[in-house]
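Chemist: Here it is, the structure in full.
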Amino acid sequence: MVVDIADVEHADRVFHALADATRRNIVAVVLQGEHSVSDLARRYPMSFAAVQKHVAVLERAGLVTKKRRGREQRVSGNIDVLRAVHRLLDRLETVWRQRIDRIGEILADPTTGEAP
Amino acid sequence: MTVIAIEKNPETRTMTITARFDAPVDRVWQVWSDPRQLERWWGPPTYPATVLHHDLIPGGSVTYLMTGPEGDKHRGWWRVLAVDAPHSLEFEDGFADDTGRPNPDLPTMIAHVTLRKEPDGGTSMEIRSTFPTVEAMQQMITMGMQEGMSAALGQIDALLAAQDG
């Protein structure tokens, strides 16, 4: 459920988490499927500890979930939180597309507009 | 297709949409500068808008009223931040209470409009729409969620439509 993002502190954590390019990339990767922290660490030119830190930020924002499987920590994406943000921007897009359509109609109407 | 580009950026809480029109810049500017034209496109057809006050100068304001199918009224306002006719316009857009006063408890948005002359004589119009704060965006998300549970769906639609500037 998208309800997760309904408190300000949490929204803050989400936007902070998404403000970093590596973290955005990690989210994109784990949304495709579960990865271990060591898999992720191999993808970026940084230490295991640094990647682990990024994952922790994402986890606190609710964007990813981490679970332990044997000796490995598996990271997967939480699509619902991201969806809430994207849905709002999508909605904004729809409202403006409709407005642009109506502007197009007004401009095509030869009876409106001041004479040049 | 009128819309030629869309960019959505969750980090900056911004949606940018660019459209192209077969009309000169001066003509496209009129849909913003003429309140009678503005009210024909600002609200959805089910919530026609009436522009009550229209003062498109820096520091000026625009106020409007949208009327829903049940006769329900929704008021909104713009605070004009910058104008460079006929090229650009920036304003804050928010909800108003029943008396038309800005409601400080509801989120606002910032819209930046840029009109550019195209080589073929047409005009491109870019609208950059930003939630100024994380709180504003979070509040709109909450309102969007409530919408899913609300019987008065159309009312919230109108509010959102009025809000997205």
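Please note that chains go A, B, ... in the order of the structure tokens, that every chain numbers its residues from 1, and that ligands are numbered from 1 in the order shown.
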Got a sec: who's within 12 Å of Val80 (chain B), counting only C-alpha atoms, leaving out chain neighbours fewer than 3 positions off, as a list in words?

Modeler: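 Counting only the stated atoms, we get Trp32, His54, Asp55, Leu56, Ile57, Pro58, Gly59, Gly60, Ser61, Val62, Thr63, Trp77, Val83, Asp84, Ser88, Leu89, Glu90, Phe91, Glu92, Asp93, Gly94, Ile110, Ala111, His112, Val113 and Gly165 of chain B.
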
Chemist: Next, dump the selected residues to file, keeping only N, CA and C atoms, as a CSV table (one decimal), in the first residue's frame.

Modeler:
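Saved file again-v9.csv follows:
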```csv
chain,number,residue,atom,x,y,z
B,32,TRP,N,-3.0,32.9,-21.8
B,32,TRP,CA,-2.7,33.2,-20.4
B,32,TRP,C,-3.1,34.6,-20.0
B,54,HIS,N,-7.8,39.0,-12.4
B,54,HIS,CA,-6.7,38.6,-13.3
B,54,HIS,C,-5.8,39.8,-13.5
B,55,ASP,N,-4.7,39.7,-12.8
B,55,ASP,CA,-3.7,40.8,-12.8
B,55,ASP,C,-2.3,40.2,-13.0
B,56,LEU,N,-2.0,40.1,-14.3
B,56,LEU,CA,-0.8,39.4,-14.6
B,56,LEU,C,0.5,40.3,-14.6
B,57,ILE,N,0.8,40.7,-13.4
B,57,ILE,CA,2.0,41.5,-13.2
B,57,ILE,C,2.7,40.9,-12.0
B,58,PRO,N,4.1,41.1,-11.9
B,58,PRO,CA,4.8,40.6,-10.7
B,58,PRO,C,4.1,41.1,-9.5
B,59,GLY,N,3.8,40.2,-8.5
B,59,GLY,CA,3.1,40.6,-7.3
B,59,GLY,C,1.6,40.6,-7.4
B,60,GLY,N,1.1,40.5,-8.7
B,60,GLY,CA,-0.3,40.5,-8.9
B,60,GLY,C,-0.9,39.1,-8.6
B,61,SER,N,-2.2,39.0,-8.7
B,61,SER,CA,-2.9,37.7,-8.5
B,61,SER,C,-4.0,37.4,-9.5
B,62,VAL,N,-4.3,36.2,-9.6
B,62,VAL,CA,-5.4,35.7,-10.4
B,62,VAL,C,-6.2,34.8,-9.5
B,63,THR,N,-7.5,35.1,-9.5
B,63,THR,CA,-8.4,34.2,-8.7
B,63,THR,C,-9.4,33.6,-9.6
B,77,TRP,N,-6.3,30.2,-6.5
B,77,TRP,CA,-5.6,31.5,-6.7
B,77,TRP,C,-4.2,31.3,-7.3
B,83,VAL,N,6.8,37.9,-14.7
B,83,VAL,CA,6.1,38.0,-16.0
B,83,VAL,C,7.1,38.7,-17.0
B,84,ASP,N,7.2,38.1,-18.2
B,84,ASP,CA,8.0,38.7,-19.2
B,84,ASP,C,7.2,38.4,-20.5
B,88,SER,N,7.5,34.6,-20.9
B,88,SER,CA,7.5,33.7,-19.7
B,88,SER,C,6.7,34.2,-18.6
B,89,LEU,N,6.3,33.3,-17.8
B,89,LEU,CA,5.4,33.6,-16.6
B,89,LEU,C,5.7,32.6,-15.5
B,90,GLU,N,5.8,33.1,-14.3
B,90,GLU,CA,5.9,32.2,-13.2
B,90,GLU,C,4.9,32.5,-12.1
B,91,PHE,N,4.3,31.5,-11.6
B,91,PHE,CA,3.3,31.8,-10.5
B,91,PHE,C,3.2,30.6,-9.6
B,92,GLU,N,2.7,31.0,-8.4
B,92,GLU,CA,2.4,30.0,-7.4
B,92,GLU,C,0.9,29.8,-7.5
B,93,ASP,N,0.5,28.5,-7.3
B,93,ASP,CA,-0.9,28.2,-7.5
B,93,ASP,C,-1.4,27.4,-6.3
B,94,GLY,N,-2.5,27.9,-5.7
B,94,GLY,CA,-3.0,27.2,-4.5
B,94,GLY,C,-4.5,27.2,-4.4
B,110,ILE,N,4.4,25.5,-7.9
B,110,ILE,CA,5.0,26.6,-8.6
B,110,ILE,C,5.0,26.2,-10.1
B,111,ALA,N,4.5,27.1,-11.0
B,111,ALA,CA,4.5,26.8,-12.4
B,111,ALA,C,5.4,27.8,-13.1
B,112,HIS,N,6.2,27.3,-14.0
B,112,HIS,CA,7.0,28.2,-14.8
B,112,HIS,C,6.7,27.9,-16.3
B,113,VAL,N,6.2,29.0,-17.0
B,113,VAL,CA,5.8,28.8,-18.4
B,113,VAL,C,6.8,29.6,-19.3
B,165,GLY,N,-1.0,23.7,-11.2
B,165,GLY,CA,-0.2,24.7,-11.8
B,165,GLY,C,1.2,24.7,-11.5
```

Chemist: List every residue of region 71-114 of chain A that DSSP, applied to the backbone, labels as alpha helix (DSSP H), and write the result as a VMD selection string.

Modeler: chain A and resid 79 to 108

Chemist: Just want the 7 Å neighbourhood of region 21-27 of chain B, counted on only C-alpha atoms, with same-chain residues fewer than 4 positions away dropped. Output as a list in words.

Modeler: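 In the requested format, the answer is Gly104 of chain A; Thr2, Pro86, Leu115, Arg116, Lys117, Gly121, Gly122, Thr123 and Ser124 of chain B.
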
Chemist: Go ahead and dump the residues you just picked, N, CA and C atoms, as a PDB file, in the first residue's frame.

Modeler:
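Final output, part-v7.pdb:
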```pdb
ATOM      1  N   GLY A 104      -4.992  23.897 -27.535  1.00  0.00           N
ATOM      2  CA  GLY A 104      -4.911  23.625 -28.970  1.00  0.00           C
ATOM      3  C   GLY A 104      -6.232  23.914 -29.673  1.00  0.00           C
TER       4      GLY A 104
ATOM      5  N   THR B   2       0.403  17.150 -30.028  1.00  0.00           N
ATOM      6  CA  THR B   2       0.805  18.492 -29.618  1.00  0.00           C
ATOM      7  C   THR B   2       1.940  18.431 -28.603  1.00  0.00           C
ATOM      8  N   PRO B  86       5.751  38.484 -24.195  1.00  0.00           N
ATOM      9  CA  PRO B  86       4.930  37.272 -24.220  1.00  0.00           C
ATOM     10  C   PRO B  86       5.785  36.010 -24.086  1.00  0.00           C
ATOM     11  N   LEU B 115       7.436  30.419 -23.409  1.00  0.00           N
ATOM     12  CA  LEU B 115       7.012  30.324 -24.815  1.00  0.00           C
ATOM     13  C   LEU B 115       8.209  30.655 -25.698  1.00  0.00           C
ATOM     14  N   ARG B 116       8.430  29.833 -26.724  1.00  0.00           N
ATOM     15  CA  ARG B 116       9.560  30.085 -27.635  1.00  0.00           C
ATOM     16  C   ARG B 116       9.081  30.021 -29.077  1.00  0.00           C
ATOM     17  N   LYS B 117       9.595  30.949 -29.886  1.00  0.00           N
ATOM     18  CA  LYS B 117       9.271  30.971 -31.306  1.00  0.00           C
ATOM     19  C   LYS B 117      10.011  29.823 -31.980  1.00  0.00           C
ATOM     20  N   GLY B 121       7.610  29.240 -37.444  1.00  0.00           N
ATOM     21  CA  GLY B 121       6.587  30.234 -37.106  1.00  0.00           C
ATOM     22  C   GLY B 121       5.646  29.774 -36.014  1.00  0.00           C
ATOM     23  N   GLY B 122       5.717  28.507 -35.634  1.00  0.00           N
ATOM     24  CA  GLY B 122       4.905  28.004 -34.531  1.00  0.00           C
ATOM     25  C   GLY B 122       5.532  28.380 -33.187  1.00  0.00           C
ATOM     26  N   THR B 123       4.949  27.845 -32.118  1.00  0.00           N
ATOM     27  CA  THR B 123       5.416  28.178 -30.765  1.00  0.00           C
ATOM     28  C   THR B 123       5.562  26.911 -29.940  1.00  0.00           C
ATOM     29  N   SER B 124       6.661  26.832 -29.186  1.00  0.00           N
ATOM     30  CA  SER B 124       6.731  25.752 -28.210  1.00  0.00           C
ATOM     31  C   SER B 124       6.450  26.354 -26.841  1.00  0.00           C
TER      32      SER B 124
END
```

Chemist: Using only C-alpha atoms, pick whichever of B:Met15, B:Met109, B:Ile4, B:Ala85 has the shortest atom-to-atom distance to chain A.

Modeler: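 Comparing B:Met15, B:Met109, B:Ile4, B:Ala85 against chain A, the winner is B:Met15.
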
Chemist: From the set A:Glu72, A:Asp39, A:Asp109, A:Asp101, which residue has the shortest atom-to-atom contact distance to chain B, counting only C-alpha atoms?

Modeler: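 Going through A:Glu72, A:Asp39, A:Asp109, A:Asp101 one by one, the smallest distance to chain B is for A:Asp101.
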
Chemist: Taking 5 positions as the minimum chain separation for residues in the same chain, which residues sit within 6 Å of region 59-63 of chain A when counting only C-alpha atoms? Answer as a list of chain:residue names.

Modeler: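 Selected residues are A:Arg13, A:Val14, A:Asn78.
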
Chemist: Per DSSP on the backbone, what are the strand (DSSP E or B) residues of chain B, as an MDAnalysis selection string?

Modeler: chainID B and resid 3:9 14:21 49:54 61:67 73:84 88:96 102 109:117 123:130

Chemist: Interatomic distance between CA of Tyr47 (chain B) and CA of Asp34 (chain B)?

Modeler: 19.2 Å

Chemist: I want to know what sits within 12 Å of Gln32 (chain A), based on only C-alpha atoms, with residues of the same chain fewer than 2 positions away left out; could you give that as a PyMOL selection string?

Modeler: chain A and resi 25-30+34-35+64+75-79

Chemist: Please report the interatomic distance between CA of Ala21 (chain A) and CA of Val95 (chain A) in Å with one decimal.

Modeler: 29.0 Å

Chemist: Write out as an MDAnalysis selection string the residues lying within 9 Å of Arg97 (chain A), counting only C-alpha atoms and excluding same-chain residues fewer than 2 positions away.

Modeler: (chainID A and resid 92:95 99:102) or (chainID B and resid 2:3 17 19)

Chemist: Between CA of Leu52 (chain B) and CA of Arg79 (chain B), what is the distance, to one decimal in Å?

Modeler: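 For CA of Leu52 (chain B) relative to CA of Arg79 (chain B), the distance reads 13.9 Å.
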
Chemist: Can you pull out every residue within 9 Å of Gly100 (chain B), counting only C-alpha atoms, but drop anything in the same chain fewer than 5 positions away, and send it as a PDB file with N, CA and C atoms, in the first residue's frame?

Modeler:
```pdb
ATOM      1  N   THR B  63      -7.528  35.053  -9.461  1.00  0.00           N
ATOM      2  CA  THR B  63      -8.381  34.173  -8.655  1.00  0.00           C
ATOM      3  C   THR B  63      -9.447  33.587  -9.566  1.00  0.00           C
ATOM      4  N   TYR B  64      -9.849  32.375  -9.247  1.00  0.00           N
ATOM      5  CA  TYR B  64     -10.844  31.725 -10.089  1.00  0.00           C
ATOM      6  C   TYR B  64     -11.747  30.832  -9.268  1.00  0.00           C
ATOM      7  N   LEU B  65     -12.849  30.471  -9.903  1.00  0.00           N
ATOM      8  CA  LEU B  65     -13.878  29.664  -9.272  1.00  0.00           C
ATOM      9  C   LEU B  65     -14.198  28.534 -10.241  1.00  0.00           C
ATOM     10  N   ARG B  75     -12.551  27.146  -5.181  1.00  0.00           N
ATOM     11  CA  ARG B  75     -11.826  28.374  -5.509  1.00  0.00           C
ATOM     12  C   ARG B  75     -10.323  28.161  -5.476  1.00  0.00           C
ATOM     13  N   GLY B  76      -9.640  28.865  -6.351  1.00  0.00           N
ATOM     14  CA  GLY B  76      -8.181  28.765  -6.379  1.00  0.00           C
ATOM     15  C   GLY B  76      -7.572  30.117  -6.679  1.00  0.00           C
ATOM     16  N   TRP B  77      -6.288  30.208  -6.518  1.00  0.00           N
ATOM     17  CA  TRP B  77      -5.589  31.488  -6.712  1.00  0.00           C
ATOM     18  C   TRP B  77      -4.204  31.253  -7.293  1.00  0.00           C
ATOM     19  N   PHE B  95      -4.976  26.524  -3.340  1.00  0.00           N
ATOM     20  CA  PHE B  95      -6.408  26.421  -3.046  1.00  0.00           C
ATOM     21  C   PHE B  95      -6.844  27.616  -2.212  1.00  0.00           C
TER      22      PHE B  95
END
```

Chemist: Would you mind telling me which residue in A:Ala19, A:Met46, A:Val51, A:Ala56 lies nearest to chain B when using only C-alpha atoms?

Modeler: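 Of all the options, A:Ala19 lies closest to chain B.
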